[in-house]
$ cat final-v7.txt   # compact mmCIF, C-alpha atoms
# COMPACT_ATOMS: atom_id res chain seq x y z
CA MET A 1 61.02 -61.74 9.12
CA THR A 2 63.61 -63.69 11.13
CA ILE A 3 64.42 -62.96 14.78
CA LYS A 4 67.92 -63.82 16.03
CA THR A 5 68.99 -63.51 19.67
CA ILE A 6 72.62 -62.87 20.57
CA SER A 7 74.22 -63.06 24.02
CA LEU A 8 76.71 -60.65 25.58
CA VAL A 9 78.67 -60.78 28.81
CA THR A 10 79.53 -57.34 30.19
CA ASP A 11 82.60 -56.86 32.38
CA ASN A 12 82.02 -53.47 34.02
CA LYS A 13 79.36 -51.50 35.86
CA GLU A 14 79.08 -49.18 32.85
CA GLU A 15 80.30 -50.14 29.39
CA PHE A 16 79.43 -49.30 25.77
CA ILE A 17 80.03 -52.27 23.42
CA ASN A 18 80.16 -51.82 19.64
CA ILE A 19 77.86 -54.55 18.21
CA THR A 20 77.83 -53.32 14.59
CA SER A 21 79.89 -56.19 13.16
CA ILE A 22 77.73 -58.81 14.94
CA ILE A 23 74.58 -57.38 13.32
CA ASP A 24 76.40 -57.02 9.98
CA ARG A 25 77.23 -60.72 9.99
CA LEU A 26 73.61 -61.72 10.71
CA ILE A 27 72.30 -59.56 7.87
CA THR A 28 74.85 -60.84 5.35
CA LYS A 29 73.44 -64.35 5.87
CA GLU A 30 69.90 -63.21 4.99
CA ASP A 31 69.00 -62.14 1.48
CA VAL A 32 67.54 -58.63 2.01
CA LYS A 33 67.15 -56.38 -1.04
CA GLU A 34 65.39 -53.47 0.66
CA GLY A 35 64.30 -53.70 4.29
CA THR A 36 64.80 -52.71 7.90
CA VAL A 37 66.64 -54.33 10.78
CA HIS A 38 65.10 -53.89 14.25
CA VAL A 39 67.36 -54.15 17.29
CA PHE A 40 65.83 -54.62 20.76
CA VAL A 41 67.28 -54.92 24.27
CA PRO A 42 65.04 -56.90 26.69
CA HIS A 43 66.57 -55.27 29.80
CA THR A 44 65.62 -52.28 31.96
CA THR A 45 69.12 -51.16 33.01
CA ALA A 46 70.75 -51.36 29.57
CA GLY A 47 70.09 -49.49 26.32
CA LEU A 48 71.08 -49.02 22.70
CA MET A 49 72.58 -46.08 20.88
CA ILE A 50 73.93 -45.23 17.44
CA ASN A 51 76.93 -42.90 17.51
CA GLU A 52 80.52 -42.34 16.48
CA CYS A 53 82.67 -45.46 16.48
CA ALA A 54 85.88 -43.92 15.07
CA ASP A 55 87.17 -42.07 18.15
CA PRO A 56 86.60 -44.11 21.35
CA ASN A 57 86.65 -40.82 23.32
CA VAL A 58 83.14 -40.02 22.03
CA ALA A 59 81.72 -43.06 23.85
CA ILE A 60 83.69 -42.09 26.99
CA ASP A 61 82.35 -38.51 26.82
CA LEU A 62 78.81 -39.89 26.43
CA LYS A 63 79.18 -42.27 29.37
CA GLU A 64 80.64 -39.57 31.61
CA TYR A 65 78.10 -36.97 30.65
CA LEU A 66 75.15 -39.30 31.23
CA ASP A 67 76.54 -39.73 34.74
CA ILE A 68 76.58 -35.96 35.23
CA LEU A 69 72.97 -35.73 33.99
CA VAL A 70 71.78 -38.67 36.13
CA PRO A 71 74.17 -39.16 39.08
CA SER A 72 74.13 -42.66 40.58
CA ASP A 73 74.80 -41.41 44.12
CA ARG A 74 71.58 -39.40 44.39
CA LYS A 75 68.77 -40.65 46.68
CA TYR A 76 66.06 -42.59 44.81
CA LEU A 77 62.97 -44.46 46.05
CA HIS A 78 63.77 -47.77 44.29
CA LYS A 79 65.54 -49.88 46.94
CA GLU A 80 67.85 -51.81 44.60
CA GLY A 81 69.98 -48.67 44.23
CA ASN A 82 70.14 -48.77 40.44
CA SER A 83 67.53 -46.13 39.56
CA SER A 84 70.10 -44.04 37.70
CA ALA A 85 70.70 -47.06 35.41
CA HIS A 86 66.95 -47.28 34.70
CA ILE A 87 66.82 -43.55 33.88
CA LYS A 88 69.87 -43.74 31.60
CA ALA A 89 68.20 -46.66 29.76
CA ILE A 90 65.18 -44.41 29.12
CA ILE A 91 67.40 -41.63 27.74
CA THR A 92 69.23 -43.94 25.30
CA GLY A 93 66.16 -46.14 24.56
CA SER A 94 65.88 -49.89 24.04
CA CYS A 95 64.93 -50.18 20.35
CA LEU A 96 66.43 -49.10 17.04
CA ASN A 97 65.57 -49.55 13.37
CA ILE A 98 68.15 -49.22 10.61
CA PRO A 99 67.48 -49.38 6.85
CA VAL A 100 69.07 -52.28 4.92
CA LEU A 101 69.92 -52.22 1.21
CA ASN A 102 71.35 -55.26 -0.59
CA SER A 103 72.03 -57.02 2.73
CA LYS A 104 74.00 -54.04 4.14
CA MET A 105 72.89 -51.54 6.78
CA LEU A 106 72.74 -47.94 5.52
CA LEU A 107 74.81 -46.59 8.41
CA GLY A 108 76.77 -43.37 8.00
CA THR A 109 80.57 -43.42 7.75
CA TRP A 110 81.06 -42.66 11.46
CA GLN A 111 78.07 -44.54 12.84
CA GLY A 112 78.33 -47.63 15.02
CA ILE A 113 75.64 -49.45 17.01
CA PHE A 114 76.43 -49.70 20.73
CA PHE A 115 74.98 -51.83 23.50
CA CYS A 116 74.98 -49.63 26.64
CA GLU A 117 75.48 -51.44 29.94
CA PHE A 118 74.45 -49.26 32.90
CA ASP A 119 74.31 -51.85 35.70
CA GLY A 120 76.84 -54.59 34.99
CA PRO A 121 78.62 -56.84 34.96
CA ARG A 122 75.79 -59.08 33.73
CA ASN A 123 74.75 -61.64 31.12
CA ARG A 124 72.73 -59.76 28.51
CA SER A 125 70.85 -60.57 25.31
CA ILE A 126 69.80 -58.62 22.21
CA HIS A 127 67.01 -59.48 19.76
CA ILE A 128 67.66 -58.69 16.10
CA SER A 129 64.73 -58.85 13.65
CA ILE A 130 65.70 -58.88 9.97
CA MET B 1 59.73 -51.80 0.95
CA THR B 2 61.28 -48.84 -0.89
CA ILE B 3 64.13 -46.75 0.51
CA LYS B 4 64.39 -43.12 -0.62
CA THR B 5 67.27 -40.82 0.35
CA ILE B 6 66.77 -37.07 0.58
CA SER B 7 69.45 -34.39 0.94
CA LEU B 8 69.42 -31.32 3.18
CA VAL B 9 71.78 -28.38 3.49
CA THR B 10 71.80 -26.80 6.95
CA ASP B 11 72.70 -23.13 7.41
CA ASN B 12 73.43 -22.83 11.13
CA LYS B 13 75.37 -24.52 13.91
CA GLU B 14 72.09 -25.65 15.46
CA GLU B 15 68.84 -25.79 13.54
CA PHE B 16 65.59 -27.81 13.62
CA ILE B 17 64.09 -28.29 10.14
CA ASN B 18 60.49 -29.46 9.65
CA ILE B 19 60.68 -32.33 7.11
CA THR B 20 57.05 -33.51 7.43
CA SER B 21 55.91 -32.32 4.00
CA ILE B 22 58.93 -33.93 2.28
CA ILE B 23 58.05 -37.32 3.80
CA ASP B 24 54.34 -36.76 3.06
CA ARG B 25 55.11 -36.28 -0.63
CA LEU B 26 57.20 -39.49 -0.81
CA ILE B 27 54.42 -41.53 0.84
CA THR B 28 51.70 -40.13 -1.43
CA LYS B 29 53.60 -41.55 -4.43
CA GLU B 30 53.60 -45.06 -2.93
CA ASP B 31 50.39 -47.06 -2.58
CA VAL B 32 50.36 -47.95 1.15
CA LYS B 33 47.07 -49.17 2.64
CA GLU B 34 48.37 -50.00 6.13
CA GLY B 35 52.07 -49.77 6.95
CA THR B 36 54.92 -47.97 8.66
CA VAL B 37 57.40 -45.38 7.47
CA HIS B 38 60.91 -45.58 8.96
CA VAL B 39 63.04 -42.42 9.04
CA PHE B 40 66.79 -42.68 9.66
CA VAL B 41 69.60 -40.13 9.96
CA PRO B 42 73.06 -41.53 9.00
CA HIS B 43 74.95 -38.89 11.04
CA THR B 44 76.38 -38.79 14.57
CA THR B 45 75.93 -35.06 15.29
CA ALA B 46 72.34 -34.74 14.02
CA GLY B 47 69.09 -36.35 15.15
CA LEU B 48 65.34 -36.65 14.59
CA MET B 49 62.40 -35.65 16.72
CA ILE B 50 58.62 -35.51 16.50
CA ASN B 51 57.10 -32.50 18.25
CA GLU B 52 54.87 -29.45 17.92
CA CYS B 53 55.08 -27.69 14.56
CA ALA B 54 52.34 -25.06 15.16
CA ASP B 55 54.23 -22.65 17.45
CA PRO B 56 57.88 -22.24 16.34
CA ASN B 57 58.74 -21.24 19.94
CA VAL B 58 58.45 -24.89 21.00
CA ALA B 59 61.39 -25.82 18.75
CA ILE B 60 63.37 -22.82 20.09
CA ASP B 61 62.63 -23.85 23.71
CA LEU B 62 63.77 -27.40 22.90
CA LYS B 63 66.99 -26.23 21.24
CA GLU B 64 67.82 -23.85 24.10
CA TYR B 65 67.00 -26.35 26.81
CA LEU B 66 69.10 -29.11 25.21
CA ASP B 67 71.99 -26.63 25.38
CA ILE B 68 71.38 -26.10 29.11
CA LEU B 69 71.31 -29.90 29.64
CA VAL B 70 74.44 -30.50 27.54
CA PRO B 71 76.51 -27.28 27.34
CA SER B 72 78.84 -27.08 24.38
CA ASP B 73 81.51 -25.10 26.27
CA ARG B 74 82.21 -27.86 28.82
CA LYS B 75 85.52 -29.80 28.62
CA TYR B 76 85.20 -33.12 26.78
CA LEU B 77 87.82 -35.72 25.80
CA HIS B 78 86.90 -35.85 22.09
CA LYS B 79 89.36 -33.47 20.40
CA GLU B 80 87.03 -32.28 17.60
CA GLY B 81 85.17 -30.14 20.16
CA ASN B 82 81.68 -31.32 19.16
CA SER B 83 80.96 -33.87 21.92
CA SER B 84 77.88 -31.95 23.05
CA ALA B 85 76.47 -32.41 19.51
CA HIS B 86 77.07 -36.19 19.78
CA ILE B 87 75.32 -36.30 23.17
CA LYS B 88 72.33 -34.25 21.93
CA ALA B 89 72.02 -36.69 19.00
CA ILE B 90 71.76 -39.55 21.52
CA ILE B 91 69.02 -37.74 23.47
CA THR B 92 66.88 -37.08 20.38
CA GLY B 93 67.77 -40.36 18.63
CA SER B 94 68.45 -41.11 14.97
CA CYS B 95 65.47 -43.30 13.97
CA LEU B 96 61.70 -42.97 13.98
CA ASN B 97 58.76 -45.08 12.84
CA ILE B 98 55.36 -43.62 12.05
CA PRO B 99 52.18 -45.56 11.14
CA VAL B 100 50.76 -44.99 7.64
CA LEU B 101 47.08 -45.49 6.68
CA ASN B 102 45.84 -45.02 3.10
CA SER B 103 49.15 -43.37 2.09
CA LYS B 104 48.97 -40.79 4.94
CA MET B 105 51.03 -40.70 8.14
CA LEU B 106 48.92 -41.00 11.32
CA LEU B 107 50.53 -37.95 12.94
CA GLY B 108 48.64 -36.01 15.59
CA THR B 109 47.21 -32.53 14.85
CA TRP B 110 50.21 -30.72 16.35
CA GLN B 111 52.94 -33.19 15.37
CA GLY B 112 55.69 -32.43 12.88
CA ILE B 113 58.87 -34.41 12.08
CA PHE B 114 62.05 -32.40 12.58
CA PHE B 115 65.63 -32.96 11.44
CA CYS B 116 67.86 -31.68 14.26
CA GLU B 117 71.21 -30.22 13.22
CA PHE B 118 73.62 -29.97 16.18
CA ASP B 119 76.92 -29.35 14.37
CA GLY B 120 76.23 -27.44 11.16
CA PRO B 121 76.29 -25.98 8.70
CA ARG B 122 76.68 -29.23 6.74
CA ASN B 123 75.34 -31.30 3.86
CA ARG B 124 73.08 -33.96 5.40
CA SER B 125 70.99 -36.89 4.19
CA ILE B 126 67.97 -38.79 5.50
CA HIS B 127 66.87 -42.32 4.58
CA ILE B 128 63.11 -42.93 4.37
CA SER B 129 61.86 -46.53 4.15
CA ILE B 130 58.22 -46.90 3.07
CA MET C 1 49.95 -55.05 8.74
CA THR C 2 46.96 -54.01 10.88
CA ILE C 3 46.77 -50.68 12.74
CA LYS C 4 44.65 -50.53 15.90
CA THR C 5 43.99 -47.33 17.85
CA ILE C 6 43.31 -47.41 21.57
CA SER C 7 42.03 -44.57 23.77
CA LEU C 8 43.25 -43.59 27.23
CA VAL C 9 41.95 -41.04 29.73
CA THR C 10 44.66 -39.70 32.04
CA ASP C 11 43.77 -38.41 35.51
CA ASN C 12 46.82 -36.40 36.55
CA LYS C 13 49.21 -33.74 35.25
CA GLU C 14 51.97 -36.37 35.07
CA GLU C 15 51.29 -40.09 35.05
CA PHE C 16 52.94 -43.25 33.69
CA ILE C 17 50.38 -45.90 32.66
CA ASN C 18 51.40 -49.52 32.04
CA ILE C 19 49.82 -50.45 28.67
CA THR C 20 51.58 -53.82 28.22
CA SER C 21 48.50 -55.99 28.76
CA ILE C 22 46.43 -53.90 26.31
CA ILE C 23 49.03 -54.47 23.56
CA ASP C 24 49.36 -58.14 24.56
CA ARG C 25 45.64 -58.66 24.02
CA LEU C 26 45.71 -57.04 20.55
CA ILE C 27 48.64 -59.22 19.46
CA THR C 28 47.06 -62.44 20.73
CA LYS C 29 44.13 -61.84 18.34
CA GLU C 30 46.47 -61.60 15.32
CA ASP C 31 48.35 -64.62 14.05
CA VAL C 32 52.00 -63.44 14.06
CA LYS C 33 54.73 -66.07 13.80
CA GLU C 34 57.73 -63.70 13.61
CA GLY C 35 57.22 -59.95 13.40
CA THR C 36 57.39 -56.55 15.04
CA VAL C 37 54.81 -54.44 16.82
CA HIS C 38 55.12 -50.65 16.38
CA VAL C 39 53.65 -48.39 19.07
CA PHE C 40 53.10 -44.69 18.32
CA VAL C 41 51.77 -41.76 20.36
CA PRO C 42 50.21 -38.97 18.21
CA HIS C 43 50.73 -36.29 20.90
CA THR C 44 53.46 -33.72 21.58
CA THR C 45 53.22 -33.59 25.39
CA ALA C 46 53.11 -37.37 25.99
CA GLY C 47 55.60 -40.13 25.29
CA LEU C 48 56.36 -43.85 25.49
CA MET C 49 58.94 -45.78 27.45
CA ILE C 50 59.88 -49.36 28.17
CA ASN C 51 61.10 -49.94 31.71
CA GLU C 52 60.66 -51.87 34.93
CA CYS C 53 57.06 -52.73 35.80
CA ALA C 54 57.74 -54.85 38.91
CA ASP C 55 58.56 -52.10 41.46
CA PRO C 56 56.28 -49.05 40.97
CA ASN C 57 59.00 -46.91 42.62
CA VAL C 58 61.07 -47.11 39.41
CA ALA C 59 58.37 -45.21 37.48
CA ILE C 60 58.12 -42.67 40.35
CA ASP C 61 61.92 -42.18 40.34
CA LEU C 62 61.81 -41.68 36.55
CA LYS C 63 58.96 -39.16 36.75
CA GLU C 64 60.64 -37.20 39.54
CA TYR C 65 64.05 -37.23 37.93
CA LEU C 66 62.71 -36.04 34.56
CA ASP C 67 61.27 -33.08 36.50
CA ILE C 68 64.70 -32.33 37.98
CA LEU C 69 66.26 -32.50 34.48
CA VAL C 70 63.55 -30.35 32.88
CA PRO C 71 61.82 -28.23 35.57
CA SER C 72 58.32 -27.06 34.67
CA ASP C 73 58.66 -23.76 36.55
CA ARG C 74 61.52 -22.45 34.39
CA LYS C 75 60.85 -19.57 31.94
CA TYR C 76 60.20 -20.76 28.38
CA LEU C 77 59.20 -18.87 25.22
CA HIS C 78 56.16 -21.04 24.37
CA LYS C 79 53.19 -19.16 25.85
CA GLU C 80 51.05 -22.20 26.73
CA GLY C 81 53.37 -22.88 29.68
CA ASN C 82 53.88 -26.57 28.88
CA SER C 83 57.32 -26.48 27.24
CA SER C 84 58.77 -28.81 29.86
CA ALA C 85 56.14 -31.41 28.82
CA HIS C 86 57.25 -31.06 25.17
CA ILE C 87 60.91 -31.52 26.16
CA LYS C 88 60.15 -34.57 28.32
CA ALA C 89 58.27 -36.09 25.36
CA ILE C 90 61.43 -35.68 23.26
CA ILE C 91 63.56 -37.40 25.90
CA THR C 92 61.24 -40.44 26.19
CA GLY C 93 60.28 -40.47 22.48
CA SER C 94 56.96 -41.18 20.79
CA CYS C 95 57.60 -44.47 18.97
CA LEU C 96 58.71 -47.97 19.93
CA ASN C 97 59.19 -51.28 18.14
CA ILE C 98 59.15 -54.61 19.93
CA PRO C 99 59.84 -58.05 18.38
CA VAL C 100 56.95 -60.55 18.36
CA LEU C 101 57.36 -64.34 18.28
CA ASN C 102 54.37 -66.72 18.09
CA SER C 103 51.97 -63.84 18.88
CA LYS C 104 53.88 -62.83 22.04
CA MET C 105 56.13 -59.78 22.53
CA LEU C 106 59.75 -60.67 23.35
CA LEU C 107 59.86 -58.36 26.38
CA GLY C 108 62.33 -59.05 29.18
CA THR C 109 61.14 -60.33 32.56
CA TRP C 110 61.05 -56.88 34.14
CA GLN C 111 59.99 -54.86 31.09
CA GLY C 112 56.67 -53.11 30.77
CA ILE C 113 55.49 -50.58 28.15
CA PHE C 114 54.37 -47.28 29.66
CA PHE C 115 52.37 -44.38 28.25
CA CYS C 116 53.88 -41.20 29.75
CA GLU C 117 51.47 -38.32 30.33
CA PHE C 118 53.34 -35.04 30.87
CA ASP C 119 50.49 -32.52 30.50
CA GLY C 120 47.25 -34.14 31.67
CA PRO C 121 44.59 -34.81 32.49
CA ARG C 122 43.59 -35.40 28.84
CA ASN C 123 41.98 -37.84 26.42
CA ARG C 124 44.82 -39.60 24.61
CA SER C 125 45.19 -42.21 21.89
CA ILE C 126 47.87 -44.72 20.88
CA HIS C 127 48.36 -46.37 17.46
CA ILE C 128 49.53 -49.97 17.47
CA SER C 129 50.71 -51.52 14.17
CA ILE C 130 50.98 -55.31 14.18

$ encode --input "final-v7.txt" --output "structure tokens"
Amino acid sequence: MTIKTISLVTDNKEEFINITSIIDRLITKEDVKEGTVHVFVPHTTAGLMINECADPNVAIDLKEYLDILVPSDRKYLHKEGNSSAHIKAIITGSCLNIPVLNSKMLLGTWQGIFFCEFDGPRNRSIHISI
Amino acid sequence: MTIKTISLVTDNKEEFINITSIIDRLITKEDVKEGTVHVFVPHTTAGLMINECADPNVAIDLKEYLDILVPSDRKYLHKEGNSSAHIKAIITGSCLNIPVLNSKMLLGTWQGIFFCEFDGPRNRSIHISI
Amino acid sequence: MTIKTISLVTDNKEEFINITSIIDRLITKEDVKEGTVHVFVPHTTAGLMINECADPNVAIDLKEYLDILVPSDRKYLHKEGNSSAHIKAIITGSCLNIPVLNSKMLLGTWQGIFFCEFDGPRNRSIHISI
């Protein structure tokens, strides 16, 4: 197993970034016949999701609906004021595993892997274990 | 590692199908002393969950409550009209990993693995990496 | 791969217990250069989450907000009366994977791993595959 760490700079408070091609490139370099790639976000106000990458409106709907489910302007105990970002990170989750066959991820036609920023802009990193 | 792909045909718009015995049978054929099985759904309007398989009412409660959390009749940007299915797929997630000991999954007494259809009926597939 | 099972006794109906140091200790004993640790909860009314461990108010905000999203006093079909605990377990999830480098988990500065009790007090167990 090899662990690679990539860096991301986010530009907005909330932003979903398609990282599929970055992971694709890392896997192509390794010689994996049959295996799994693990993706992990070492942050508590950011998450990961797999969903449609064809129509960008799906990601917008997701972002907007998460904000309806967990409004950021509600009163929370945590003084930093970003509790809704922590809760959204729990809903999306911070780890994924995707099957790999002949150095290619077995993603569905419409699937993309997204890094979900909930409390940006920030410098972020992602660990990818192949 | 071996990757097996199984096919499912769903009959309803929303449906939770217990796939535990299908995965059990695949694992029994492999000789795994200590390991992990990874389950992955290559779709963006379907998900996976582990929950109670004894009382079928638990799955019904889950399905109904997800629809209260993410109503399908709300207005979304995505023109296909199935944004709530995409959001439900994010909440349940599309990958699982379960420990395996002596070719048996270490599931709890009440645990079953369910495929969650949110936008059926459709032909679906599931990748299982042992 | 080695699978270890740890036991936990929860004291309250709902409780989030930081289990990071327990997993740390198990990994230190194994000699892992580059790998992944899989954490699995074999229960249907308990879950796992990775989130902030510095300010305990974050866990309280999460616990309280999950109860706003999925109120326990609503009417459900499941007769045992703990459907909200089952639904919360689906939202947090029951499995995690975390990258390991030189026998240390690559968690972020603020990340801790929490066992989430939603229907205690109970005797619980957690499987950890290294």

$ closest_atom_pairs --input "final-v7.txt" --of "chain B" --to "chain C" --cutoff "7 Å" --atoms "only C-alpha atoms" --output "JSON lines"
{"residue": "B:Glu34", "atom": "CA", "partner": "C:Met1", "partner_atom": "CA", "distance": 5.9}
{"residue": "B:Gly35", "atom": "CA", "partner": "C:Met1", "partner_atom": "CA", "distance": 6.0}
{"residue": "B:Met49", "atom": "CA", "partner": "C:Ile90", "partner_atom": "CA", "distance": 6.6}
{"residue": "B:Asn51", "atom": "CA", "partner": "C:Thr44", "partner_atom": "CA", "distance": 5.1}
{"residue": "B:Glu52", "atom": "CA", "partner": "C:Thr44", "partner_atom": "CA", "distance": 5.8}
{"residue": "B:Asn57", "atom": "CA", "partner": "C:His78", "partner_atom": "CA", "distance": 5.1}
{"residue": "B:Val58", "atom": "CA", "partner": "C:His78", "partner_atom": "CA", "distance": 5.6}
{"residue": "B:Asp61", "atom": "CA", "partner": "C:Tyr76", "partner_atom": "CA", "distance": 6.1}
{"residue": "B:Leu62", "atom": "CA", "partner": "C:Ile87", "partner_atom": "CA", "distance": 6.0}
{"residue": "B:Ile91", "atom": "CA", "partner": "C:Ile91", "partner_atom": "CA", "distance": 6.0}
{"residue": "B:Thr92", "atom": "CA", "partner": "C:Ile90", "partner_atom": "CA", "distance": 6.3}
{"residue": "B:Leu96", "atom": "CA", "partner": "C:Cys95", "partner_atom": "CA", "distance": 6.6}
{"residue": "B:Asn97", "atom": "CA", "partner": "C:Cys95", "partner_atom": "CA", "distance": 6.3}
{"residue": "B:Ile98", "atom": "CA", "partner": "C:Phe40", "partner_atom": "CA", "distance": 6.8}
{"residue": "B:Pro99", "atom": "CA", "partner": "C:Ser129", "partner_atom": "CA", "distance": 6.8}
{"residue": "B:Leu107", "atom": "CA", "partner": "C:Pro42", "partner_atom": "CA", "distance": 5.4}
{"residue": "B:Gly108", "atom": "CA", "partner": "C:Pro42", "partner_atom": "CA", "distance": 4.3}
{"residue": "B:Trp110", "atom": "CA", "partner": "C:Thr44", "partner_atom": "CA", "distance": 6.8}
{"residue": "B:Gln111", "atom": "CA", "partner": "C:Thr44", "partner_atom": "CA", "distance": 6.3}

$ residues_around --input "final-v7.txt" --residues "Asn12 (chain B)" --least-positions-apart "4" --cutoff "12 Å" --atoms "only C-alpha atoms" --output "list in words"
Phe16, Ile17, Cys116, Glu117, Phe118, Asp119, Gly120, Pro121, Arg122 and Asn123 of chain B

$ write_last_selection --input "final-v7.txt" --atoms "C-alpha atoms" --output "PDB file, in the coordinates of the input"
ATOM      1  CA  PHE B  16      65.590 -27.810  13.620  1.00  0.00           C
ATOM      2  CA  ILE B  17      64.090 -28.290  10.140  1.00  0.00           C
ATOM      3  CA  CYS B 116      67.860 -31.680  14.260  1.00  0.00           C
ATOM      4  CA  GLU B 117      71.210 -30.220  13.220  1.00  0.00           C
ATOM      5  CA  PHE B 118      73.620 -29.970  16.180  1.00  0.00           C
ATOM      6  CA  ASP B 119      76.920 -29.350  14.370  1.00  0.00           C
ATOM      7  CA  GLY B 120      76.230 -27.440  11.160  1.00  0.00           C
ATOM      8  CA  PRO B 121      76.290 -25.980   8.700  1.00  0.00           C
ATOM      9  CA  ARG B 122      76.680 -29.230   6.740  1.00  0.00           C
ATOM     10  CA  ASN B 123      75.340 -31.300   3.860  1.00  0.00           C
TER      11      ASN B 123
END

$ atom_distance --input "final-v7.txt" --atom1 "CA of Val100 (chain A)" --atom2 "CA of Thr36 (chain A)"
5.2 Å

$ closest_residue --input "final-v7.txt" --among "C:Pro56, C:Glu64, C:Asp11, C:Ile6" --to "Leu26 (chain C)" --atoms "all atoms listed in the file"
C:Ile6

$ atom_distance --input "final-v7.txt" --atom1 "CA of Thr10 (chain B)" --atom2 "CA of Ile126 (chain B)"
12.7 Å

$ closest_residue --input "final-v7.txt" --among "B:Leu101, B:Val9, B:Asn18, B:Leu106" --to "Ala59 (chain B)" --atoms "all atoms listed in the file"
B:Asn18

$ residues_around --input "final-v7.txt" --residues "Lys29 (chain C)" --least-positions-apart "6" --cutoff "12 Å" --atoms "all atoms listed in the file" --output "ChimeraX atom specification"
/C:2,4,22-23,102-104,130

$ atom_distance --input "final-v7.txt" --atom1 "CA of Ser21 (chain C)" --atom2 "CA of Leu48 (chain C)"
14.8 Å

$ build_atoms --input "final-v7.txt" --residues "region 78-90 of chain A" --atoms "N, CA, C and O atoms" --output "JSON list (two decimals), in the coordinates of the input"
[["chain", "number", "residue", "atom", "x", "y", "z"],
["A", 78, "HIS", "N", 63.56, -46.36, 44.62],
["A", 78, "HIS", "CA", 63.77, -47.77, 44.29],
["A", 78, "HIS", "C", 64.91, -48.34, 45.13],
["A", 78, "HIS", "O", 66.04, -47.87, 45.06],
["A", 79, "LYS", "N", 64.61, -49.37, 45.92],
["A", 79, "LYS", "CA", 65.54, -49.88, 46.94],
["A", 79, "LYS", "C", 66.78, -50.56, 46.37],
["A", 79, "LYS", "O", 67.80, -50.68, 47.04],
["A", 80, "GLU", "N", 66.70, -51.06, 45.14],
["A", 80, "GLU", "CA", 67.85, -51.81, 44.60],
["A", 80, "GLU", "C", 69.07, -50.92, 44.36],
["A", 80, "GLU", "O", 70.17, -51.44, 44.11],
["A", 81, "GLY", "N", 68.85, -49.58, 44.37],
["A", 81, "GLY", "CA", 69.98, -48.67, 44.23],
["A", 81, "GLY", "C", 70.47, -48.45, 42.82],
["A", 81, "GLY", "O", 71.54, -47.87, 42.61],
["A", 82, "ASN", "N", 69.69, -48.94, 41.83],
["A", 82, "ASN", "CA", 70.14, -48.77, 40.44],
["A", 82, "ASN", "C", 69.18, -47.90, 39.61],
["A", 82, "ASN", "O", 69.11, -48.05, 38.38],
["A", 83, "SER", "N", 68.47, -46.99, 40.29],
["A", 83, "SER", "CA", 67.53, -46.13, 39.56],
["A", 83, "SER", "C", 68.21, -45.31, 38.47],
["A", 83, "SER", "O", 67.63, -45.09, 37.40],
["A", 84, "SER", "N", 69.44, -44.85, 38.73],
["A", 84, "SER", "CA", 70.10, -44.04, 37.70],
["A", 84, "SER", "C", 70.32, -44.88, 36.43],
["A", 84, "SER", "O", 70.23, -44.36, 35.32],
["A", 85, "ALA", "N", 70.56, -46.18, 36.58],
["A", 85, "ALA", "CA", 70.70, -47.06, 35.41],
["A", 85, "ALA", "C", 69.38, -47.16, 34.65],
["A", 85, "ALA", "O", 69.37, -47.15, 33.41],
["A", 86, "HIS", "N", 68.26, -47.25, 35.37],
["A", 86, "HIS", "CA", 66.95, -47.28, 34.70],
["A", 86, "HIS", "C", 66.71, -45.99, 33.92],
["A", 86, "HIS", "O", 66.22, -46.01, 32.79],
["A", 87, "ILE", "N", 67.06, -44.84, 34.53],
["A", 87, "ILE", "CA", 66.82, -43.55, 33.88],
["A", 87, "ILE", "C", 67.71, -43.39, 32.65],
["A", 87, "ILE", "O", 67.27, -42.94, 31.59],
["A", 88, "LYS", "N", 68.98, -43.82, 32.76],
["A", 88, "LYS", "CA", 69.87, -43.74, 31.60],
["A", 88, "LYS", "C", 69.35, -44.62, 30.45],
["A", 88, "LYS", "O", 69.48, -44.26, 29.27],
["A", 89, "ALA", "N", 68.75, -45.77, 30.80],
["A", 89, "ALA", "CA", 68.20, -46.66, 29.76],
["A", 89, "ALA", "C", 67.03, -45.99, 29.04],
["A", 89, "ALA", "O", 66.82, -46.23, 27.83],
["A", 90, "ILE", "N", 66.28, -45.15, 29.75],
["A", 90, "ILE", "CA", 65.18, -44.41, 29.12],
["A", 90, "ILE", "C", 65.74, -43.35, 28.16],
["A", 90, "ILE", "O", 65.20, -43.14, 27.07]]
